[in-house]
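Structure first, then comments.
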Amino acid sequence: MTDAVLSWVQELMASPWVYLVLFSLAALDGFLPVVPGESVVITAGVFAATGQPDLALVVAVAALGAFAGDHTSYLIGHLAGPRLYAWARPGSRRRAALDRASRLLAARGGVLLVTARYVPGLRTAVTLTAGAVGWPLRRFTPFAALAALTWAGWSAGIGYVGGLAFERDPLRGLLLGLGLALALAALGEGVRFLLHRRRSSGDAATERAPAEVGAG
């Protein structure tokens, strides 16, 4: 699917329609992770190095699309929230998971929303959860705007750098841009895994400490 979409988008790069396509795919990517929104923005960035499309418009349109998509995901979560809470009985693991998510968003919601936007799939999970647990929209919207703008600038910028490096060969520039994006995503996932592992180890040590004190 990704290859077919990218091939189709490349044919539109010199057409004004490319901006509508960028907006639509970036929006769909916000609540349908199978849509290659990020790859399309990187591709547009590569071709922007040759003059068409315009880099500033690519960033602006992609950011608007991502912003709309994240709010759609939030709305879906918000509508499904009451049913989820009815399904998750008090004292159950499901209710505990929802309560944990609510506390996490209350404490670090902004940081979580911005960082999750750079990880396909995770951004959808976070925005859906934010809506489901009732994280206030007045707090969600500013961070969603920041996340969308930085994500669009970053994705298009990676492509643009690749396009400049291979100005006469956009295909190689595209491969470089996608390679950089994949490498950075893998690095981010590695850091996230290590932080989660360290946090889990710290929680386990905290839980053991009272038991050791009681035994003493």
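Chain labels follow the order of the structure tokens: the first chain is A, the next B, and so on; residue numbering restarts at 1 in every chain, and ligands are counted from 1 in their shown order.
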Please identify which residues in stretch 29-130 of chain A DSSP calls alpha helix (DSSP H) from the backbone, and express them as a PyMOL selection string. chain A and resi 29+37-48+55-87+93-116+122-130
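Using only C-alpha atoms, the smallest distance between any of A:Arg89, A:Gly65, A:Thr129, A:Pro120 and A:Val35 comes from A:Pro120.
Of note, atom CA of A:Ala44 and atom CA of A:Ala62 are spaced 9.9 Å apart.
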Any idea what's packed within 10 Å of A:Leu28, counting only C-alpha atoms, ignoring anything in its chain fewer than 4 positions away? Could you give it as a PyMOL selection string? chain A and resi 22-24+32-37+65-66+68-70+72-73
Of the residues A:Gly121, A:Gly157, A:Pro90, A:Gly109, which is the one nearest to A:Asp29, using only C-alpha atoms?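 Residue with the minimum atom-to-atom distance to A:Asp29: A:Gly121.
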Hey, what's within 10 Å of stretch 111-118 of chain A if we count only C-alpha atoms and toss same-chain stuff fewer than 5 positions away? As a count of residues only, please? 29
